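What follows is target.txt (compact mmCIF, C-alpha atoms and all ligand atoms).
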```txt
# COMPACT_ATOMS: atom_id res chain seq x y z
CA MET A 15 51.94 155.62 97.71
CA PRO A 16 51.25 152.03 96.58
CA ARG A 17 51.26 149.40 99.32
CA HIS A 18 54.69 147.77 99.34
CA LEU A 19 54.46 144.04 100.07
CA ASP A 20 57.27 141.72 101.00
CA VAL A 21 55.64 138.86 99.10
CA LEU A 22 52.72 138.60 96.66
CA ILE A 23 51.38 135.06 96.16
CA ALA A 24 49.29 133.82 93.22
CA GLY A 25 46.93 131.03 94.33
CA GLN A 26 45.20 130.13 97.58
CA GLY A 27 45.19 126.35 97.37
CA ILE A 28 47.02 124.47 100.11
CA ALA A 29 50.43 125.57 98.75
CA GLY A 30 49.72 129.32 98.65
CA SER A 31 47.73 129.27 101.90
CA LEU A 32 50.47 127.59 103.91
CA LEU A 33 53.23 129.72 102.40
CA ALA A 34 51.32 132.91 103.27
CA TYR A 35 50.63 131.57 106.76
CA HIS A 36 54.31 130.83 107.47
CA LEU A 37 55.48 134.17 106.03
CA MET A 38 52.90 136.15 108.01
CA ALA A 39 53.92 134.28 111.16
CA ARG A 40 57.44 135.63 110.52
CA GLY A 41 56.03 139.19 110.36
CA LEU A 42 56.13 139.75 106.59
CA ASP A 43 53.55 141.85 104.74
CA VAL A 44 51.96 139.34 102.36
CA CYS A 45 48.99 139.33 99.95
CA ILE A 46 47.45 136.38 98.09
CA ALA A 47 45.61 136.81 94.80
CA ASP A 48 43.00 134.14 94.03
CA PRO A 49 39.53 134.56 92.53
CA GLY A 50 38.38 131.71 94.79
CA ALA A 51 36.37 129.69 92.28
CA PRO A 52 35.44 126.61 94.35
CA ASP A 53 35.40 124.11 91.45
CA GLY A 54 38.29 122.55 89.61
CA THR A 55 41.15 123.16 92.05
CA ALA A 56 42.98 120.17 93.44
CA SER A 57 42.84 121.23 97.09
CA ARG A 58 39.04 121.51 97.08
CA ALA A 59 38.59 118.15 95.30
CA ALA A 60 40.94 116.22 97.58
CA ALA A 61 39.89 113.66 100.14
CA GLY A 62 42.53 115.17 102.44
CA ILE A 63 44.16 111.86 103.39
CA LEU A 64 47.59 112.42 104.92
CA SER A 65 49.35 109.09 104.67
CA PRO A 66 53.08 108.60 105.28
CA TYR A 67 53.12 105.61 102.90
CA THR A 68 51.29 105.65 99.56
CA GLY A 69 51.24 104.04 96.15
CA ARG A 70 51.63 100.44 95.11
CA ARG A 71 55.08 100.16 96.69
CA TYR A 72 54.24 101.92 99.98
CA LYS A 73 56.72 104.68 99.19
CA ALA A 74 57.58 107.57 101.53
CA PRO A 75 59.66 110.71 100.97
CA GLY A 76 63.20 110.73 102.41
CA GLU A 77 62.34 113.53 104.88
CA LEU A 78 59.30 111.70 106.25
CA ASP A 79 60.05 112.31 109.96
CA ALA A 80 60.53 116.04 109.43
CA MET A 81 57.47 116.27 107.18
CA LEU A 82 55.19 114.55 109.67
CA ALA A 83 56.44 116.76 112.51
CA GLU A 84 55.84 119.83 110.35
CA CYS A 85 52.33 118.65 109.42
CA HIS A 86 51.35 118.25 113.07
CA SER A 87 52.73 121.62 114.16
CA THR A 88 51.46 123.61 111.14
CA TYR A 89 47.93 122.20 111.05
CA GLN A 90 47.57 122.55 114.81
CA SER A 91 48.86 126.12 114.72
CA ILE A 92 46.35 126.97 111.96
CA ALA A 93 43.54 125.42 114.00
CA ARG A 94 44.46 127.64 116.98
CA THR A 95 44.61 130.68 114.69
CA ILE A 96 41.26 130.23 112.93
CA GLY A 97 39.52 128.55 115.88
CA VAL A 98 38.45 125.37 114.05
CA THR A 99 40.02 121.90 113.93
CA VAL A 100 41.49 121.28 110.47
CA TYR A 101 43.51 118.09 111.05
CA HIS A 102 42.27 114.81 112.44
CA PRO A 103 45.23 112.54 113.29
CA GLN A 104 44.14 108.91 113.01
CA PRO A 105 45.38 105.58 111.65
CA ILE A 106 44.82 104.74 107.99
CA TRP A 107 43.77 101.16 107.34
CA ARG A 108 45.18 99.86 104.09
CA ILE A 109 43.63 96.77 102.55
CA VAL A 110 46.11 94.36 100.95
CA GLN A 111 45.10 94.08 97.27
CA ARG A 112 47.48 91.37 96.06
CA GLN A 113 50.07 88.97 97.48
CA PRO A 114 53.22 90.81 96.17
CA GLU A 115 52.33 93.75 98.44
CA LEU A 116 53.29 91.64 101.42
CA THR A 117 56.96 91.90 100.34
CA ASP A 118 56.73 95.69 100.09
CA ILE A 119 55.09 95.92 103.50
CA GLU A 120 57.81 93.77 105.08
CA ARG A 121 60.54 95.83 103.36
CA ARG A 122 59.11 99.09 104.77
CA ARG A 123 58.77 97.50 108.19
CA HIS A 124 62.51 96.85 108.20
CA GLU A 125 63.29 100.53 107.57
CA ARG A 126 62.96 103.53 109.85
CA PRO A 127 60.41 105.02 110.48
CA GLY A 128 58.34 102.31 108.77
CA ARG A 129 58.80 99.80 111.57
CA GLU A 130 57.05 102.20 113.98
CA LEU A 131 54.39 103.33 111.51
CA ILE A 132 53.29 100.20 109.59
CA SER A 133 51.73 97.28 111.46
CA PRO A 134 52.20 93.66 110.39
CA VAL A 135 49.40 92.47 108.10
CA GLN A 136 46.39 91.73 110.27
CA HIS A 137 43.49 89.38 109.58
CA ASN A 138 41.69 89.62 112.88
CA GLY A 139 40.62 92.56 114.99
CA LEU A 140 40.12 94.82 111.96
CA PRO A 141 37.73 97.78 112.27
CA GLU A 142 34.07 96.84 111.87
CA GLY A 143 32.60 97.23 108.41
CA MET A 144 35.95 96.94 106.63
CA ARG A 145 36.43 94.30 103.96
CA ALA A 146 39.93 92.81 103.76
CA PRO A 147 40.05 89.17 102.55
CA LEU A 148 43.89 89.30 102.24
CA GLY A 149 44.29 91.28 105.47
CA ALA A 150 45.20 94.91 106.10
CA THR A 151 47.93 97.06 107.63
CA ARG A 152 47.44 99.92 110.02
CA ILE A 153 49.48 102.96 108.99
CA ASP A 154 50.10 105.43 111.81
CA GLY A 155 51.52 108.95 111.84
CA GLY A 156 48.97 110.52 109.48
CA GLY A 157 45.27 111.29 109.36
CA GLN A 158 42.93 113.53 107.45
CA VAL A 159 43.10 117.24 106.67
CA ASP A 160 39.74 118.95 106.30
CA MET A 161 40.76 120.96 103.25
CA GLU A 162 37.46 122.82 102.89
CA THR A 163 37.57 124.08 106.49
CA LEU A 164 41.27 124.92 106.28
CA LEU A 165 41.02 126.87 103.01
CA SER A 166 37.78 128.70 103.87
CA GLY A 167 38.98 129.50 107.39
CA LEU A 168 42.33 130.84 106.19
CA ARG A 169 40.68 132.77 103.35
CA HIS A 170 38.50 134.58 105.87
CA TRP A 171 41.53 135.19 108.14
CA PHE A 172 43.58 136.59 105.22
CA MET A 173 40.67 138.84 104.20
CA GLU A 174 40.35 140.27 107.73
CA ARG A 175 44.04 141.23 107.46
CA GLU A 176 43.59 142.75 103.97
CA SER A 177 45.85 140.02 102.64
CA LEU A 178 43.53 138.47 100.05
CA ILE A 179 42.68 139.92 96.65
CA PRO A 180 39.90 137.94 94.92
CA GLU A 181 41.43 138.22 91.45
CA GLN A 182 43.73 136.32 89.11
CA LEU A 183 47.37 137.36 88.98
CA THR A 184 48.89 136.55 85.64
CA ALA A 185 52.52 136.90 84.62
CA PRO A 186 51.84 139.31 81.70
CA ALA A 187 49.89 141.68 84.01
CA MET A 188 52.97 142.33 86.19
CA THR A 189 55.63 144.90 85.43
CA GLY A 190 59.28 145.09 86.36
CA PRO A 191 59.84 141.41 87.06
CA THR A 192 63.58 141.34 86.49
CA GLY A 193 64.63 144.70 87.96
CA GLY A 194 63.40 146.35 91.17
CA ALA A 195 60.07 145.71 92.89
CA LEU A 196 57.27 144.06 90.92
CA GLU A 197 54.07 145.97 90.33
CA TRP A 198 50.54 144.72 89.93
CA ARG A 199 47.25 146.61 90.32
CA GLY A 200 48.76 149.42 92.36
CA LEU A 201 50.67 147.03 94.62
CA ARG A 202 54.46 146.70 94.77
CA ALA A 203 56.11 143.50 95.92
CA ASP A 204 59.72 142.48 96.45
CA VAL A 205 58.90 138.91 95.47
CA VAL A 206 56.04 137.12 93.65
CA VAL A 207 55.50 133.40 94.30
CA PHE A 208 53.28 131.37 91.99
CA CYS A 209 51.27 128.70 93.81
CA ASP A 210 48.78 128.44 90.96
CA GLY A 211 48.42 124.64 90.81
CA ALA A 212 47.61 123.28 87.35
CA ALA A 213 47.40 126.82 85.91
CA ALA A 214 51.22 126.77 86.05
CA PHE A 215 51.26 124.42 83.02
CA ALA A 216 50.54 127.59 80.96
CA ASN A 217 52.40 130.10 83.16
CA PRO A 218 55.10 131.78 80.99
CA TRP A 219 57.63 131.54 83.83
CA TRP A 220 57.03 127.95 84.81
CA ARG A 221 55.52 126.04 81.87
CA GLY A 222 58.98 124.66 80.97
CA LEU A 223 59.16 122.56 84.15
CA PRO A 224 58.69 118.80 83.77
CA TRP A 225 55.01 118.71 84.77
CA ARG A 226 52.82 115.65 85.04
CA ALA A 227 49.07 116.34 85.05
CA SER A 228 46.70 113.87 86.62
CA ARG A 229 43.00 114.60 86.72
CA GLY A 230 40.97 113.12 89.55
CA GLU A 231 37.46 112.97 90.94
CA THR A 232 35.92 112.26 94.32
CA VAL A 233 32.25 111.72 95.26
CA ASP A 234 30.50 112.40 98.54
CA VAL A 235 27.88 109.83 99.53
CA GLU A 236 25.37 109.13 102.26
CA PRO A 237 25.05 105.37 102.90
CA ALA A 238 21.61 103.86 103.39
CA ARG A 239 23.04 101.91 106.39
CA PRO A 240 25.91 104.01 107.83
CA ASP A 241 25.98 101.71 110.86
CA THR A 242 27.40 98.95 108.58
CA TRP A 243 30.29 101.05 107.18
CA PRO A 244 33.74 101.47 108.79
CA ARG A 245 34.21 104.56 110.95
CA VAL A 246 37.90 104.81 110.02
CA ILE A 247 39.81 105.80 106.88
CA VAL A 248 40.11 102.76 104.63
CA THR A 249 42.29 102.68 101.50
CA GLY A 250 42.99 99.97 98.97
CA GLY A 251 42.78 100.86 95.29
CA LYS A 252 40.23 103.55 96.18
CA SER A 253 39.62 105.22 99.55
CA LEU A 254 36.70 105.64 101.89
CA VAL A 255 36.92 108.63 104.23
CA PRO A 256 34.36 109.45 106.94
CA MET A 257 33.72 113.22 106.52
CA ALA A 258 30.81 113.76 108.96
CA PRO A 259 28.26 111.51 110.68
CA GLY A 260 26.50 109.54 107.90
CA ARG A 261 28.64 111.08 105.16
CA TYR A 262 31.71 109.69 103.35
CA ARG A 263 34.01 110.78 100.54
CA ILE A 264 35.11 108.11 98.04
CA GLY A 265 38.32 108.86 96.16
CA SER A 266 39.88 109.05 93.77
CA THR A 267 40.09 108.44 90.04
CA TYR A 268 43.23 109.07 87.95
CA ASP A 269 43.35 110.02 84.28
CA HIS A 270 45.63 112.04 82.04
CA ALA A 271 43.33 114.93 81.07
CA SER A 272 44.85 118.33 81.77
CA GLN A 273 41.55 120.23 82.24
CA ALA A 274 39.43 119.55 85.34
CA GLY A 275 36.04 120.00 83.58
CA ALA A 276 32.82 118.85 85.20
CA PRO A 277 32.39 115.62 87.21
CA THR A 278 31.62 112.67 84.96
CA GLY A 279 29.16 109.79 85.27
CA GLU A 280 31.96 107.37 84.40
CA ALA A 281 34.12 108.46 87.38
CA GLN A 282 31.09 108.29 89.66
CA ARG A 283 30.40 104.71 88.55
CA THR A 284 34.06 103.73 89.05
CA LEU A 285 34.04 105.10 92.59
CA LEU A 286 30.69 103.57 93.56
CA ASP A 287 31.78 100.22 92.06
CA ALA A 288 34.79 100.27 94.41
CA LEU A 289 32.59 100.27 97.52
CA PRO A 290 32.17 96.49 97.88
CA GLY A 291 35.99 96.19 97.89
CA LEU A 292 36.26 98.63 100.81
CA THR A 293 33.32 97.73 103.05
CA ASP A 294 31.40 94.54 103.73
CA GLY A 295 28.48 96.73 104.84
CA ASP A 296 25.44 97.58 102.71
CA PRO A 297 26.96 99.42 99.68
CA THR A 298 23.71 101.26 98.86
CA ALA A 299 24.51 104.96 98.94
CA ARG A 300 23.13 108.26 97.65
CA VAL A 301 25.58 110.59 95.88
CA VAL A 302 25.38 114.07 97.42
CA GLY A 303 28.38 115.76 95.80
CA ALA A 304 31.14 115.32 93.24
CA ARG A 305 34.40 117.19 92.78
CA THR A 306 37.11 117.23 90.19
CA GLY A 307 40.61 118.69 90.03
CA ILE A 308 44.02 118.38 88.40
CA ARG A 309 46.86 117.10 90.56
CA PRO A 310 49.83 119.30 89.64
CA GLY A 311 52.53 116.64 89.62
CA SER A 312 56.14 116.49 88.52
CA ARG A 313 57.87 114.00 86.23
CA THR A 314 60.92 114.05 88.52
CA GLY A 315 58.78 112.82 91.42
CA ASN A 316 59.85 115.85 93.48
CA PRO A 317 57.81 119.01 94.07
CA PHE A 318 59.03 122.36 92.71
CA THR A 319 60.05 125.30 94.85
CA GLY A 320 62.50 128.19 94.84
CA PHE A 321 63.21 131.04 92.46
CA HIS A 322 63.51 131.31 88.70
CA PRO A 323 67.17 131.10 87.62
CA ALA A 324 66.64 134.01 85.18
CA ALA A 325 64.36 136.11 87.43
CA PRO A 326 65.31 135.87 91.10
CA ARG A 327 62.17 137.71 92.29
CA ILE A 328 59.81 135.15 90.73
CA GLY A 329 59.20 132.10 92.90
CA ILE A 330 57.19 128.90 92.86
CA LEU A 331 55.68 126.36 95.25
CA ASN A 332 53.95 123.66 93.23
CA GLY A 333 54.22 120.11 91.90
CA LEU A 334 52.66 118.58 95.04
CA GLY A 335 51.09 115.79 92.97
CA SER A 336 48.87 113.47 94.99
CA ARG A 337 50.53 114.29 98.34
CA GLY A 338 49.60 117.91 98.96
CA THR A 339 48.65 117.39 102.61
CA LEU A 340 52.01 115.80 103.50
CA HIS A 341 54.33 117.97 101.40
CA ALA A 342 52.80 121.45 101.67
CA PRO A 343 53.59 122.28 105.34
CA TRP A 344 57.26 121.24 105.07
CA LEU A 345 57.83 122.90 101.68
CA ALA A 346 56.06 126.11 102.70
CA ARG A 347 58.26 126.29 105.82
CA ARG A 348 61.44 125.69 103.76
CA LEU A 349 60.50 128.38 101.21
CA ALA A 350 59.55 130.85 103.97
CA GLU A 351 62.98 130.28 105.58
CA ARG A 352 64.64 130.79 102.20
CA ILE A 353 62.78 134.12 101.74
CA VAL A 354 63.20 135.43 105.30
CA ASP A 355 66.59 134.03 106.36
CA GLY A 356 68.22 133.10 103.05
CA THR A 357 68.44 129.44 104.15
CA PRO A 358 69.22 127.31 101.06
CA LEU A 359 66.49 124.97 99.88
CA PRO A 360 67.11 121.21 99.73
CA ASP A 361 68.62 120.53 96.28
CA HIS A 362 66.06 117.94 95.19
CA VAL A 363 63.13 120.41 95.38
CA ASP A 364 64.98 123.58 94.31
CA VAL A 365 64.05 124.66 90.76
CA ALA A 366 67.41 126.44 90.49
CA HIS A 367 68.84 122.99 89.70
CA LEU A 368 66.46 122.37 86.78
CA SER A 369 67.45 123.40 83.30
CA GLY A 370 65.14 124.25 80.40
CA LEU A 371 63.22 127.10 82.04
CA PRO A 372 62.29 129.88 79.60
CA THR A 373 63.48 133.44 80.10
CA ARG A 374 59.89 134.41 79.17
C1 LIG A 401 40.53 114.09 93.15
C2 LIG A 401 41.74 114.44 93.98
C3 LIG A 401 41.93 113.82 95.20
C4 LIG A 401 43.07 114.11 95.97
N1 LIG A 401 43.21 113.53 97.20
C5 LIG A 401 44.29 113.86 97.97
C6 LIG A 401 44.43 113.33 99.27
O1 LIG A 401 43.57 112.58 99.77
N2 LIG A 401 45.54 113.65 99.99
C7 LIG A 401 46.50 114.50 99.48
O2 LIG A 401 47.49 114.78 100.16
N3 LIG A 401 46.38 115.02 98.24
C8 LIG A 401 45.30 114.72 97.49
N4 LIG A 401 45.18 115.27 96.24
C9 LIG A 401 46.26 116.12 95.73
C10 LIG A 401 46.17 117.51 96.34
O3 LIG A 401 44.87 117.95 96.20
C11 LIG A 401 47.16 118.45 95.66
O4 LIG A 401 48.48 117.97 95.86
C12 LIG A 401 47.12 119.86 96.25
O5 LIG A 401 45.81 120.25 96.53
C13 LIG A 401 47.74 120.87 95.29
O6 LIG A 401 47.58 122.13 95.90
P1 LIG A 401 47.99 123.45 95.16
O7 LIG A 401 47.78 124.56 96.13
O8 LIG A 401 49.35 123.31 94.57
O9 LIG A 401 46.99 123.57 93.90
P2 LIG A 401 45.44 123.92 93.86
O10 LIG A 401 44.72 123.35 94.99
O11 LIG A 401 44.94 123.57 92.49
O12 LIG A 401 45.40 125.48 94.05
C14 LIG A 401 45.80 126.39 93.05
C15 LIG A 401 45.09 127.72 93.34
O13 LIG A 401 45.60 128.69 92.45
C16 LIG A 401 44.55 129.51 92.00
N5 LIG A 401 45.01 130.12 90.74
C17 LIG A 401 45.27 129.53 89.56
N6 LIG A 401 45.72 130.45 88.68
C18 LIG A 401 45.75 131.63 89.35
C19 LIG A 401 46.14 132.96 88.97
N7 LIG A 401 46.57 133.25 87.75
N8 LIG A 401 46.04 133.94 89.90
C20 LIG A 401 45.59 133.67 91.16
N9 LIG A 401 45.22 132.43 91.56
C21 LIG A 401 45.30 131.43 90.66
C22 LIG A 401 43.36 128.54 91.87
O14 LIG A 401 42.13 129.27 91.95
C23 LIG A 401 43.59 127.65 93.09
O15 LIG A 401 42.91 128.13 94.23
C24 LIG A 401 44.04 115.02 95.47
C25 LIG A 401 43.84 115.64 94.25
C26 LIG A 401 42.71 115.36 93.50
C27 LIG A 401 42.50 116.07 92.20
```

Using structure tokens, write down the structure from this file.
Amino acid sequence: MPRHLDVLIAGQGIAGSLLAYHLMARGLDVCIADPGAPDGTASRAAAGILSPYTGRRYKAPGELDAMLAECHSTYQSIARTIGVTVYHPQPIWRIVQRQPELTDIERRRHERPGRELISPVQHNGLPEGMRAPLGATRIDGGGQVDMETLLSGLRHWFMERESLIPEQLTAPAMTGPTGGALEWRGLRADVVVFCDGAAAFANPWWRGLPWRASRGETVDVEPARPDTWPRVIVTGGKSLVPMAPGRYRIGSTYDHASQAGAPTGEAQRTLLDALPGLTDGDPTARVVGARTGIRPGSRTGNPFTGFHPAAPRIGILNGLGSRGTLHAPWLARRLAERIVDGTPLPDHVDVAHLSGLPTR
């Protein structure tokens, strides 16, 4: 008899990992397929910054309160499960780049929850080693997710439970996707959910969604004088994230390529050139690693989740763009509740409301 799964998931980035985690917590029999190639996936390239307010206009999603609460509970629950800390709550210091930002900061500070989470622009008492000639704001409520530890720890935990298959799952390799249970490699599943990141741009079920690809790179560096660099997360154009004693990740570049490819010298130069704008310490640093990935974004500005209108057993959790750490816990919880309890998804993220999807 083939093993009969409740849910089969394609992809073990942050989206697939958190969905599997929530479904397994509800007692479902779940398997994730992912070959586990470390290079080129967004989750492994990310700096892991979890900031409530991002972008030039300091924007936040409408469900910010609920998302932040879900981030704290999910990441802490995972840490208890795998026995390693994966989330480091801490303020994010954002350097003011240009005068017009002051208006955006004040606007957010007049809204909830911005007034509790964004400090007035400060010029004095800033963290040591930070460079902020126009001042900086302190953004609370977020922190940094150690993506590498989270993904490797959960991968090991899934494997121990025979819930990880180190292979690709492609749409053409499945049978029976519109009728009864789906079959793949001797497994049967009631539902298949694609969490395949940028690979979804070519997925026959999901390529018709309004995708926006954005390639990015990060570099890991060891400063010659770590004592002169800030020991906090600093953002402002680019970001500087303390990863371990004497080691930082600088992120990130943005371009429109749709293949991750290998790290480039040009991106490395761009990131190293940003250092004097982030720290007034000694910018001399040795590059010890470089990563690249495609942010799977959406032209609507909203992530994609739910089930295919023409194939109700085929699901998706994707389109996290540049905010995977903030969106993934909340979306994975919503999709798990939809699968287990039938709770409707919020309209703005539900793919059932998008037209133009192929019938395959
Ligand atoms: C340079 C860079 C920096 C970033 N920095 C941040 C940051 O600081 N904070 C933040 O919140 N976000 C950041 N992001 C965005 C964040 O990384 C993404 O939003 C998030 O990782 C997307 O996760 P995902 O699981 O959807 O996709 P991915 O992480 O790409 O995972 C997709 C997975 O699917 C697997 N897969 C693909 N096809 C198949 C298949 N056919 N079968 C089985 N498995 C398959 C892949 O192997 C991969 O493991 C950054 C992104 C980049 C590129």

(message) If I take atom C3 of ligand LIG 401 (chain A) and CA of Gly307 in chain A, how far is one from the other in Å, to one decimal?
(response) 7.2 Å

(message) Please determine, counting only C-alpha atoms, which residue among A:Met188, A:Val207, A:Ile46, A:Ala214 has the shortest atom-to-atom distance to Ile330 in chain A.
(response)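 Among the listed residues, the smallest separation from Ile330 in chain A belongs to A:Val207.
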
(message) Given all atoms listed in the file as the basis, pick out the residue of A:Asp118, A:Asp53, A:Asp204, A:Asp154 nearest to Pro105 in chain A.
(response)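 Of all the options, A:Asp154 lies closest to Pro105 in chain A.
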
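Remark: for ligand LIG 401 (chain A), the closest of the candidate residues A:Gly190, A:Pro237, A:Gly27, A:Gly356 is A:Gly27 (distances computed over all atoms listed in the file).
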
Which neighbours of Pro49 in chain A fall inside 10 Å, counting all atoms listed in the file, when residues of the same chain fewer than 3 positions from it are skipped, and could you give them as a short mmCIF file (atom, residue, chain, number, x, y, z; two decimals) with C-alpha atoms, in the coordinates of the input?
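Output (result25.cif):
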```cif
data_model
loop_
_atom_site.label_atom_id
_atom_site.label_comp_id
_atom_site.auth_asym_id
_atom_site.auth_seq_id
_atom_site.Cartn_x
_atom_site.Cartn_y
_atom_site.Cartn_z
CA ALA A 24 49.29 133.82 93.22
CA GLY A 25 46.93 131.03 94.33
CA GLN A 26 45.20 130.13 97.58
CA ILE A 46 47.45 136.38 98.09
CA PRO A 52 35.44 126.61 94.35
CA LEU A 178 43.53 138.47 100.05
CA ILE A 179 42.68 139.92 96.65
CA PRO A 180 39.90 137.94 94.92
CA GLU A 181 41.43 138.22 91.45
CA GLN A 182 43.73 136.32 89.11
CA LEU A 183 47.37 137.36 88.98
#
```
